[in-house]
Amino acid sequence: MAEMKSMGVVGSGQMGSGIAQLGAVHGLDVWLIDSDPLALSRASKSISSSIQRLVSKAQLSQAAGTSALRRLQCTTNLEELCSADVIIEAIVESEDVKKKLFLELDKIAKSSAILASNTSSISITRLASVTSRPHQVIGMHFMNPPPIMKLVEIVRGADTSDETFNAAKALAERFGKTVICSQDYSGFIVNRILMPMINEAFFTLYTGVATKEDIDTGMKLGTNHPMGPLQLADFIGLDVCLSIMKVLHAGLGDSKYAPCPLLVQYVDAGRLGRKCGIGLYDYRKRSPRL
Ligand SMILES: NC(=O)c1ccc[n+]([C@@H]2O[C@H](COP(=O)([O-])OP(=O)(O)OC[C@H]3O[C@@H](n4cnc5c(N)ncnc54)[C@H](O)[C@@H]3O)[C@@H](O)[C@H]2O)c1
């Protein structure tokens, strides 16, 4: 397959904005789409300041930063994706909502385009099944934040072709990422292992074993994790963590994956983590109250 020139990213939240930045910095023309204009304007500001930071640290030249920003366009209109070589979906972690989007993307995208999902856990095979091109549907699971984290987990659906896999791998490598490949089972590799640990940290807090500070310090200093599991949950988004636990529970059918009631309660209360200012910790101050 010829080198990709243009990319669409749907969903301009934490993940979509970072993926769009990667595309623009690595020479692709990028359309960033969101149904919420406010999310788009937040994304546009955060990408500009992130690129400015790279320029000020001399990790990117001023000229490269300026042309990256010039290559990035934001819109609420999905039809703009008609000429994209690849479209990466990074919207809310809901199978129904993602399927509805894939159905629309299949109609809009050119016939050669690859449709990728950044889903953390949802079956690529099922997302692909609503399209007329299941061999061109693949999971490209970037880590948070995409410009910094070195890994992309590529997930092959039941019908994903070798050509699609090779093109997705080449794109991730063009972005400077290391690729791992997972079969299409709930949670893939990384979240199959990470999310039960985060859920267990919630159970540890819920059952009064320790304070959140001691749980996080224990895992940081005791197991050399760069941040504790509860702080990491805030960083990922508690709604995202809960959705992934539900997918693991439903998909793998084992009660060990049942979401902790305390995690459910935080989401019900709208305490979704860093992105909304409060989760387990309070980010409305300068630094989290640890
Ligand atoms: N947060 C993480 O650490 C992380 C890491 C890897 C993968 N993911 C996955 O990436 C995806 C996005 O997660 P996020 O944390 O960026 O979420 P987010 O809540 O920050 O952003 C989601 C964005 O999608 C938009 N959106 C929702 N439905 C839409 C639609 N139908 N059309 C267009 N835009 C729509 C919302 O307005 C929002 O701006 C999820 O599938 C998640 O599981 C998240």
# chains A, B, ... in the order shown; residues from 1 in each chain; ligands from 1
call {"tool": "residues_near_ligand", "arguments": {"ligand": "ligand 1", "cutoff": "8 Å", "atoms": "only C-alpha atoms and all ligand atoms", "output": "short mmCIF file (atom, residue, chain, number, x, y, z; two decimals) with N, CA and C atoms, in the first residue's frame"}}
result
data_model
loop_
_atom_site.label_atom_id
_atom_site.label_comp_id
_atom_site.auth_asym_id
_atom_site.auth_seq_id
_atom_site.Cartn_x
_atom_site.Cartn_y
_atom_site.Cartn_z
N VAL A 10 -11.72 10.78 14.58
CA VAL A 10 -13.06 11.13 15.08
C VAL A 10 -13.06 11.00 16.59
N GLY A 11 -13.42 12.10 17.27
CA GLY A 11 -13.34 12.18 18.73
C GLY A 11 -12.11 13.01 19.06
N SER A 12 -12.36 14.19 19.65
CA SER A 12 -11.22 15.09 19.89
C SER A 12 -10.94 15.24 21.38
N GLY A 13 -11.21 14.17 22.14
CA GLY A 13 -10.92 14.20 23.58
C GLY A 13 -9.45 13.96 23.85
N GLN A 14 -9.16 13.39 25.02
CA GLN A 14 -7.76 13.17 25.42
C GLN A 14 -7.00 12.41 24.34
N MET A 15 -7.60 11.32 23.83
CA MET A 15 -6.88 10.44 22.91
C MET A 15 -6.89 10.97 21.48
N GLY A 16 -8.07 11.37 20.99
CA GLY A 16 -8.17 11.81 19.61
C GLY A 16 -7.29 13.02 19.33
N SER A 17 -7.23 13.96 20.29
CA SER A 17 -6.41 15.15 20.06
C SER A 17 -4.92 14.77 19.97
N ILE A 33 -12.33 15.50 13.99
CA ILE A 33 -13.79 15.65 14.02
C ILE A 33 -14.31 15.41 15.43
N ASP A 34 -15.28 16.19 15.84
CA ASP A 34 -16.00 15.89 17.09
C ASP A 34 -17.43 16.39 16.91
N SER A 35 -18.37 15.70 17.56
CA SER A 35 -19.75 16.18 17.49
C SER A 35 -19.93 17.41 18.38
N ASP A 36 -18.98 17.65 19.29
CA ASP A 36 -19.10 18.76 20.23
C ASP A 36 -18.09 19.86 19.85
N ALA A 39 -15.47 20.70 22.46
CA ALA A 39 -14.37 19.73 22.56
C ALA A 39 -13.34 20.02 21.47
N LEU A 40 -13.81 20.39 20.29
CA LEU A 40 -12.88 20.70 19.19
C LEU A 40 -12.03 21.91 19.51
N THR A 76 -16.94 19.69 12.69
CA THR A 76 -17.96 18.77 13.21
C THR A 76 -18.56 17.93 12.06
N GLU A 89 -10.92 6.16 14.87
CA GLU A 89 -12.04 6.53 15.74
C GLU A 89 -11.56 6.55 17.18
N ALA A 90 -11.85 7.66 17.89
CA ALA A 90 -11.48 7.76 19.32
C ALA A 90 -12.62 8.43 20.08
N ILE A 91 -13.84 7.91 19.87
CA ILE A 91 -14.99 8.49 20.59
C ILE A 91 -15.25 7.67 21.86
N VAL A 92 -16.36 7.95 22.49
CA VAL A 92 -16.71 7.32 23.76
C VAL A 92 -16.65 5.78 23.66
N GLU A 93 -16.25 5.14 24.78
CA GLU A 93 -16.07 3.68 24.80
C GLU A 93 -17.43 2.98 24.96
N SER A 94 -18.23 3.04 23.89
CA SER A 94 -19.54 2.37 23.90
C SER A 94 -19.69 1.63 22.57
N VAL A 97 -22.49 3.12 20.28
CA VAL A 97 -22.16 4.42 19.67
C VAL A 97 -21.07 4.23 18.60
N LYS A 98 -20.09 3.39 18.91
CA LYS A 98 -19.01 3.16 17.92
C LYS A 98 -19.56 2.47 16.67
N LYS A 100 -22.53 2.68 15.41
CA LYS A 100 -23.29 3.68 14.63
C LYS A 100 -22.31 4.53 13.80
N LEU A 101 -21.20 4.90 14.43
CA LEU A 101 -20.20 5.70 13.72
C LEU A 101 -19.55 4.90 12.59
N SER A 117 -9.98 1.67 15.01
CA SER A 117 -10.57 2.10 16.28
C SER A 117 -9.49 2.14 17.34
N ASN A 118 -9.57 3.20 18.16
CA ASN A 118 -8.65 3.30 19.30
C ASN A 118 -9.28 2.67 20.55
N THR A 119 -10.30 1.87 20.35
CA THR A 119 -10.99 1.28 21.51
C THR A 119 -10.02 0.60 22.47
N SER A 120 -10.34 0.70 23.77
CA SER A 120 -9.51 0.09 24.80
C SER A 120 -9.88 -1.37 25.00
N SER A 121 -11.04 -1.78 24.52
CA SER A 121 -11.49 -3.13 24.91
C SER A 121 -12.54 -3.75 24.00
N HIS A 141 -4.66 0.78 19.14
CA HIS A 141 -4.86 1.23 20.52
C HIS A 141 -3.63 2.00 20.97
N PHE A 142 -3.76 3.33 20.89
CA PHE A 142 -2.68 4.21 21.38
C PHE A 142 -2.81 4.30 22.90
N MET A 143 -1.70 4.63 23.54
CA MET A 143 -1.69 4.79 24.99
C MET A 143 -1.77 6.29 25.32
N ASN A 144 -2.12 6.60 26.53
CA ASN A 144 -2.37 7.99 26.94
C ASN A 144 -1.17 8.57 27.68
N PRO A 145 -0.62 9.71 27.27
CA PRO A 145 -0.98 10.54 26.12
C PRO A 145 -0.27 10.04 24.83
N PHE A 235 -6.24 9.56 35.68
CA PHE A 235 -5.59 10.04 34.45
C PHE A 235 -6.30 9.46 33.22
N ILE A 236 -6.66 8.18 33.28
CA ILE A 236 -7.33 7.52 32.16
C ILE A 236 -8.76 8.05 32.02
N GLY A 237 -9.42 8.30 33.14
CA GLY A 237 -10.85 8.66 33.16
C GLY A 237 -11.62 7.50 33.78
N VAL A 240 -14.01 5.73 31.50
CA VAL A 240 -13.34 4.82 30.56
C VAL A 240 -13.01 3.50 31.28
N CYS A 241 -12.48 3.62 32.53
CA CYS A 241 -12.13 2.40 33.30
C CYS A 241 -13.38 1.54 33.52
N SER A 243 -16.17 1.47 31.76
CA SER A 243 -16.62 0.86 30.49
C SER A 243 -15.77 -0.37 30.16
N ILE A 244 -14.46 -0.26 30.38
CA ILE A 244 -13.58 -1.38 30.05
C ILE A 244 -13.88 -2.58 30.97
N LYS A 275 -9.73 14.81 33.79
CA LYS A 275 -10.33 15.58 32.69
C LYS A 275 -11.48 16.47 33.14
#
call {"tool": "select_by_dssp", "arguments": {"residues": "region 15-234 of chain A", "states": "alpha helix (DSSP H)", "output": "mmCIF file with C-alpha atoms, in the first residue's frame"}}
result
data_model
loop_
_atom_site.group_PDB
_atom_site.id
_atom_site.type_symbol
_atom_site.label_atom_id
_atom_site.label_comp_id
_atom_site.auth_asym_id
_atom_site.auth_seq_id
_atom_site.Cartn_x
_atom_site.Cartn_y
_atom_site.Cartn_z
ATOM 1 C CA MET A 15 -6.884 10.443 22.913
ATOM 2 C CA GLY A 16 -8.173 11.814 19.609
ATOM 3 C CA SER A 17 -6.409 15.152 20.057
ATOM 4 C CA GLY A 18 -3.095 13.395 20.773
ATOM 5 C CA ILE A 19 -3.470 11.069 17.775
ATOM 6 C CA ALA A 20 -4.311 14.031 15.520
ATOM 7 C CA GLN A 21 -1.188 15.816 16.776
ATOM 8 C CA LEU A 22 0.956 12.778 15.968
ATOM 9 C CA GLY A 23 -0.450 12.644 12.437
ATOM 10 C CA ALA A 24 0.118 16.342 11.762
ATOM 11 C CA VAL A 25 3.648 16.323 13.206
ATOM 12 C CA PRO A 37 -17.677 22.080 18.954
ATOM 13 C CA LEU A 38 -16.426 22.940 22.457
ATOM 14 C CA ALA A 39 -14.369 19.730 22.555
ATOM 15 C CA LEU A 40 -12.881 20.696 19.188
ATOM 16 C CA SER A 41 -11.857 24.130 20.374
ATOM 17 C CA ARG A 42 -10.310 22.641 23.552
ATOM 18 C CA ALA A 43 -8.443 20.100 21.383
ATOM 19 C CA SER A 44 -7.193 22.741 19.003
ATOM 20 C CA LYS A 45 -5.813 24.819 21.911
ATOM 21 C CA SER A 46 -4.213 21.824 23.591
ATOM 22 C CA ILE A 47 -2.557 20.648 20.347
ATOM 23 C CA SER A 48 -1.187 24.176 19.700
ATOM 24 C CA SER A 49 0.261 24.438 23.181
ATOM 25 C CA SER A 50 1.660 20.910 23.051
ATOM 26 C CA ILE A 51 3.406 21.687 19.727
ATOM 27 C CA GLN A 52 4.677 24.972 21.170
ATOM 28 C CA ARG A 53 6.142 23.031 24.104
ATOM 29 C CA LEU A 54 7.943 20.682 21.682
ATOM 30 C CA VAL A 55 9.327 23.728 19.835
ATOM 31 C CA SER A 56 10.463 25.426 23.047
ATOM 32 C CA GLN A 62 9.559 26.217 14.609
ATOM 33 C CA ALA A 63 8.970 25.603 10.879
ATOM 34 C CA ALA A 64 7.923 21.969 11.453
ATOM 35 C CA GLY A 65 5.601 23.059 14.273
ATOM 36 C CA THR A 66 3.992 25.732 12.103
ATOM 37 C CA SER A 67 3.462 23.372 9.181
ATOM 38 C CA ALA A 68 2.037 20.669 11.499
ATOM 39 C CA LEU A 69 -0.557 23.152 12.733
ATOM 40 C CA ARG A 70 -1.300 24.181 9.156
ATOM 41 C CA ARG A 71 -1.962 20.535 8.223
ATOM 42 C CA GLU A 95 -20.074 -0.448 21.417
ATOM 43 C CA ASP A 96 -23.445 0.889 20.248
ATOM 44 C CA VAL A 97 -22.156 4.421 19.668
ATOM 45 C CA LYS A 98 -19.013 3.160 17.923
ATOM 46 C CA LYS A 99 -21.035 0.806 15.681
ATOM 47 C CA LYS A 100 -23.286 3.678 14.629
ATOM 48 C CA LEU A 101 -20.198 5.705 13.724
ATOM 49 C CA PHE A 102 -18.553 2.837 11.795
ATOM 50 C CA LEU A 103 -21.752 2.416 9.788
ATOM 51 C CA GLU A 104 -21.599 6.114 8.819
ATOM 52 C CA LEU A 105 -17.844 6.071 8.177
ATOM 53 C CA ASP A 106 -18.235 3.071 5.878
ATOM 54 C CA LYS A 107 -20.596 5.120 3.714
ATOM 55 C CA ILE A 108 -18.467 8.281 3.714
ATOM 56 C CA ILE A 124 -12.899 -5.084 16.508
ATOM 57 C CA THR A 125 -14.669 -7.998 14.803
ATOM 58 C CA ARG A 126 -18.051 -6.685 15.959
ATOM 59 C CA LEU A 127 -17.253 -3.086 14.928
ATOM 60 C CA ALA A 128 -16.083 -4.414 11.542
ATOM 61 C CA SER A 129 -19.262 -6.445 11.121
ATOM 62 C CA ASP A 162 -2.511 -8.701 6.149
ATOM 63 C CA GLU A 163 -2.434 -5.592 3.954
ATOM 64 C CA THR A 164 -4.456 -3.618 6.514
ATOM 65 C CA PHE A 165 -2.299 -4.926 9.363
ATOM 66 C CA ASN A 166 0.911 -3.951 7.532
ATOM 67 C CA ALA A 167 -0.438 -0.470 6.718
ATOM 68 C CA ALA A 168 -1.505 0.158 10.340
ATOM 69 C CA LYS A 169 1.853 -1.100 11.618
ATOM 70 C CA ALA A 170 3.718 1.149 9.156
ATOM 71 C CA LEU A 171 1.647 4.139 10.286
ATOM 72 C CA ALA A 172 2.324 3.486 13.979
ATOM 73 C CA GLU A 173 6.050 3.062 13.229
ATOM 74 C CA ARG A 174 6.045 6.295 11.227
ATOM 75 C CA VAL A 190 -2.699 -4.134 28.049
ATOM 76 C CA ASN A 191 -6.150 -3.520 29.531
ATOM 77 C CA ARG A 192 -6.761 -7.227 30.159
ATOM 78 C CA ILE A 193 -3.964 -6.942 32.711
ATOM 79 C CA LEU A 194 -4.089 -3.269 33.775
ATOM 80 C CA MET A 195 -7.828 -2.791 34.407
ATOM 81 C CA PRO A 196 -8.299 -5.684 36.861
ATOM 82 C CA MET A 197 -5.395 -4.155 38.837
ATOM 83 C CA ILE A 198 -7.080 -0.727 38.879
ATOM 84 C CA ASN A 199 -10.412 -2.362 39.808
ATOM 85 C CA GLU A 200 -8.670 -4.247 42.629
ATOM 86 C CA ALA A 201 -7.189 -0.959 43.872
ATOM 87 C CA PHE A 202 -10.783 0.363 44.069
ATOM 88 C CA PHE A 203 -11.818 -2.765 46.021
ATOM 89 C CA THR A 204 -8.847 -2.219 48.351
ATOM 90 C CA LEU A 205 -10.089 1.313 49.033
ATOM 91 C CA TYR A 206 -13.780 0.251 49.149
ATOM 92 C CA LYS A 212 -5.951 6.040 48.513
ATOM 93 C CA GLU A 213 -2.610 7.683 49.268
ATOM 94 C CA ASP A 214 -1.180 4.492 50.800
ATOM 95 C CA ILE A 215 -2.531 2.324 47.976
ATOM 96 C CA ASP A 216 -0.871 4.559 45.382
ATOM 97 C CA THR A 217 2.369 4.952 47.347
ATOM 98 C CA GLY A 218 2.478 1.187 47.914
ATOM 99 C CA MET A 219 2.283 0.427 44.217
ATOM 100 C CA LYS A 220 4.639 3.273 43.228
ATOM 101 C CA LEU A 221 7.431 2.528 45.672
ATOM 102 C CA GLY A 222 6.704 -1.160 46.211
ATOM 103 C CA THR A 223 6.445 -2.217 42.581
ATOM 104 C CA PRO A 229 -3.310 2.680 40.191
ATOM 105 C CA LEU A 230 -5.857 5.149 41.586
ATOM 106 C CA GLN A 231 -3.983 8.154 40.243
ATOM 107 C CA LEU A 232 -3.648 6.323 36.915
ATOM 108 C CA ALA A 233 -7.423 5.684 36.914
ATOM 109 C CA ASP A 234 -7.979 9.439 37.342
#
call {"tool": "atom_distance", "arguments": {"atom1": "CA of Pro261 (chain A)", "atom2": "CA of Val209 (chain A)"}}
result
15.4 Å
call {"tool": "atom_distance", "arguments": {"atom1": "CA of Leu28 (chain A)", "atom2": "CA of Met7 (chain A)"}}
result
6.5 Å
call {"tool": "closest_residue", "arguments": {"among": "A:Ala116, A:Ile180, A:Val264, A:Ala109", "to": "Gly157 (chain A)", "atoms": "only C-alpha atoms"}}
result
A:Ala116
call {"tool": "atom_distance", "arguments": {"atom1": "CA of Ser6 (chain A)", "atom2": "CA of Ile138 (chain A)"}}
result
17.2 Å
call {"tool": "residues_around", "arguments": {"residues": "Ile154 (chain A)", "least_positions_apart": "4", "cutoff": "7 Å", "atoms": "only C-alpha atoms", "output": "ChimeraX atom specification"}}
result
/A:139-141,179-182
call {"tool": "closest_residue", "arguments": {"among": "A:Leu252, A:Asp184, A:Thr178, A:Gln265", "to": "Arg156 (chain A)", "atoms": "only C-alpha atoms"}}
result
A:Asp184
call {"tool": "select_by_dssp", "arguments": {"residues": "region 3-109 of chain A", "states": "strand (DSSP E or B)", "output": "list in words"}}
result
Ser6, Met7, Gly8, Val9, Val10, Asp29, Val30, Trp31, Leu32, Ile33, Leu72, Gln73, Cys74, Thr75, Val86, Ile87, Ile88 and Glu89 of chain A
call {"tool": "write_last_selection", "arguments": {"atoms": "C-alpha atoms", "output": "mmCIF file, in the first residue's frame"}}
result
data_model
loop_
_atom_site.group_PDB
_atom_site.id
_atom_site.type_symbol
_atom_site.label_atom_id
_atom_site.label_comp_id
_atom_site.auth_asym_id
_atom_site.auth_seq_id
_atom_site.Cartn_x
_atom_site.Cartn_y
_atom_site.Cartn_z
ATOM 1 C CA SER A 6 -4.250 11.993 4.916
ATOM 2 C CA MET A 7 -5.868 10.910 8.150
ATOM 3 C CA GLY A 8 -9.190 11.511 9.847
ATOM 4 C CA VAL A 9 -9.564 11.298 13.610
ATOM 5 C CA VAL A 10 -13.058 11.134 15.080
ATOM 6 C CA ASP A 29 -3.022 16.107 6.437
ATOM 7 C CA VAL A 30 -5.364 15.641 9.369
ATOM 8 C CA TRP A 31 -9.067 16.252 9.838
ATOM 9 C CA LEU A 32 -10.063 16.189 13.517
ATOM 10 C CA ILE A 33 -13.790 15.646 14.018
ATOM 11 C CA LEU A 72 -4.544 20.128 11.001
ATOM 12 C CA GLN A 73 -8.175 21.064 10.411
ATOM 13 C CA CYS A 74 -11.030 20.736 12.889
ATOM 14 C CA THR A 75 -14.693 20.291 12.022
ATOM 15 C CA VAL A 86 -7.105 6.174 7.191
ATOM 16 C CA ILE A 87 -9.707 7.141 9.791
ATOM 17 C CA ILE A 88 -9.016 6.530 13.467
ATOM 18 C CA GLU A 89 -12.036 6.532 15.739
#
call {"tool": "decode", "arguments": {"residues": "region 163-197 of chain A", "atoms": "N, CA and C atoms", "output": "tab-separated table (two decimals), in the first residue's frame"}}
result
chain	number	residue	atom	x	y	z
A	163	GLU	N	-2.74	-6.91	4.52
A	163	GLU	CA	-2.43	-5.59	3.95
A	163	GLU	C	-2.83	-4.47	4.93
A	164	THR	N	-4.00	-4.62	5.53
A	164	THR	CA	-4.46	-3.62	6.51
A	164	THR	C	-3.54	-3.63	7.73
A	165	PHE	N	-3.19	-4.83	8.21
A	165	PHE	CA	-2.30	-4.93	9.36
A	165	PHE	C	-0.97	-4.23	9.05
A	166	ASN	N	-0.40	-4.53	7.88
A	166	ASN	CA	0.91	-3.95	7.53
A	166	ASN	C	0.83	-2.43	7.41
A	167	ALA	N	-0.28	-1.93	6.86
A	167	ALA	CA	-0.44	-0.47	6.72
A	167	ALA	C	-0.57	0.20	8.09
A	168	ALA	N	-1.33	-0.42	8.99
A	168	ALA	CA	-1.51	0.16	10.34
A	168	ALA	C	-0.18	0.12	11.10
A	169	LYS	N	0.55	-0.96	10.94
A	169	LYS	CA	1.85	-1.10	11.62
A	169	LYS	C	2.82	-0.02	11.08
A	170	ALA	N	2.82	0.15	9.76
A	170	ALA	CA	3.72	1.15	9.16
A	170	ALA	C	3.37	2.55	9.66
A	171	LEU	N	2.07	2.81	9.80
A	171	LEU	CA	1.65	4.14	10.29
A	171	LEU	C	2.12	4.35	11.73
A	172	ALA	N	1.90	3.35	12.58
A	172	ALA	CA	2.32	3.49	13.98
A	172	ALA	C	3.85	3.66	14.05
A	173	GLU	N	4.58	2.94	13.21
A	173	GLU	CA	6.05	3.06	13.23
A	173	GLU	C	6.49	4.43	12.69
A	174	ARG	N	5.76	4.93	11.72
A	174	ARG	CA	6.04	6.30	11.23
A	174	ARG	C	5.90	7.32	12.36
A	175	PHE	N	4.96	7.04	13.30
A	175	PHE	CA	4.77	7.91	14.46
A	175	PHE	C	5.82	7.64	15.55
A	176	GLY	N	6.75	6.73	15.27
A	176	GLY	CA	7.82	6.45	16.23
A	176	GLY	C	7.42	5.46	17.31
A	177	LYS	N	6.35	4.70	17.09
A	177	LYS	CA	5.86	3.81	18.13
A	177	LYS	C	6.36	2.37	17.94
A	178	THR	N	6.42	1.66	19.06
A	178	THR	CA	6.65	0.21	19.03
A	178	THR	C	5.29	-0.46	18.97
A	179	VAL	N	5.18	-1.47	18.12
A	179	VAL	CA	3.89	-2.12	17.90
A	179	VAL	C	3.88	-3.50	18.57
A	180	ILE	N	2.77	-3.78	19.25
A	180	ILE	CA	2.52	-5.17	19.66
A	180	ILE	C	1.20	-5.58	19.01
A	181	CYS	N	1.03	-6.89	18.82
A	181	CYS	CA	-0.17	-7.36	18.11
A	181	CYS	C	-0.99	-8.26	19.03
A	182	SER	N	-2.27	-7.96	19.13
A	182	SER	CA	-3.16	-8.77	19.97
A	182	SER	C	-4.26	-9.39	19.14
A	183	GLN	N	-4.67	-10.58	19.54
A	183	GLN	CA	-5.89	-11.14	18.99
A	183	GLN	C	-7.07	-10.38	19.59
A	184	ASP	N	-8.23	-10.58	18.96
A	184	ASP	CA	-9.39	-9.76	19.30
A	184	ASP	C	-10.22	-10.37	20.44
A	185	TYR	N	-9.69	-10.31	21.66
A	185	TYR	CA	-10.46	-10.73	22.82
A	185	TYR	C	-10.53	-9.55	23.78
A	186	SER	N	-11.65	-9.46	24.52
A	186	SER	CA	-11.95	-8.29	25.36
A	186	SER	C	-10.73	-7.79	26.13
A	187	GLY	N	-10.43	-6.51	25.97
A	187	GLY	CA	-9.35	-5.88	26.72
A	187	GLY	C	-7.98	-6.06	26.09
A	188	PHE	N	-7.90	-6.95	25.07
A	188	PHE	CA	-6.64	-7.18	24.34
A	188	PHE	C	-5.53	-7.57	25.32
A	189	ILE	N	-4.34	-6.97	25.19
A	189	ILE	CA	-3.25	-7.35	26.11
A	189	ILE	C	-3.21	-6.38	27.31
A	190	VAL	N	-3.04	-5.10	27.00
A	190	VAL	CA	-2.70	-4.13	28.05
A	190	VAL	C	-3.83	-3.98	29.06
A	191	ASN	N	-5.06	-3.76	28.58
A	191	ASN	CA	-6.15	-3.52	29.53
A	191	ASN	C	-6.67	-4.80	30.17
A	192	ARG	N	-6.41	-5.94	29.54
A	192	ARG	CA	-6.76	-7.23	30.16
A	192	ARG	C	-6.00	-7.38	31.49
A	193	ILE	N	-4.80	-6.81	31.52
A	193	ILE	CA	-3.96	-6.94	32.71
A	193	ILE	C	-4.08	-5.71	33.61
A	194	LEU	N	-4.09	-4.52	32.99
A	194	LEU	CA	-4.09	-3.27	33.77
A	194	LEU	C	-5.41	-3.03	34.51
A	195	MET	N	-6.55	-3.20	33.80
A	195	MET	CA	-7.83	-2.79	34.41
A	195	MET	C	-8.22	-3.61	35.63
A	196	PRO	N	-8.00	-4.95	35.62
A	196	PRO	CA	-8.30	-5.68	36.86
A	196	PRO	C	-7.45	-5.18	38.03
A	197	MET	N	-6.22	-4.69	37.75
A	197	MET	CA	-5.39	-4.16	38.84
A	197	MET	C	-6.01	-2.85	39.38
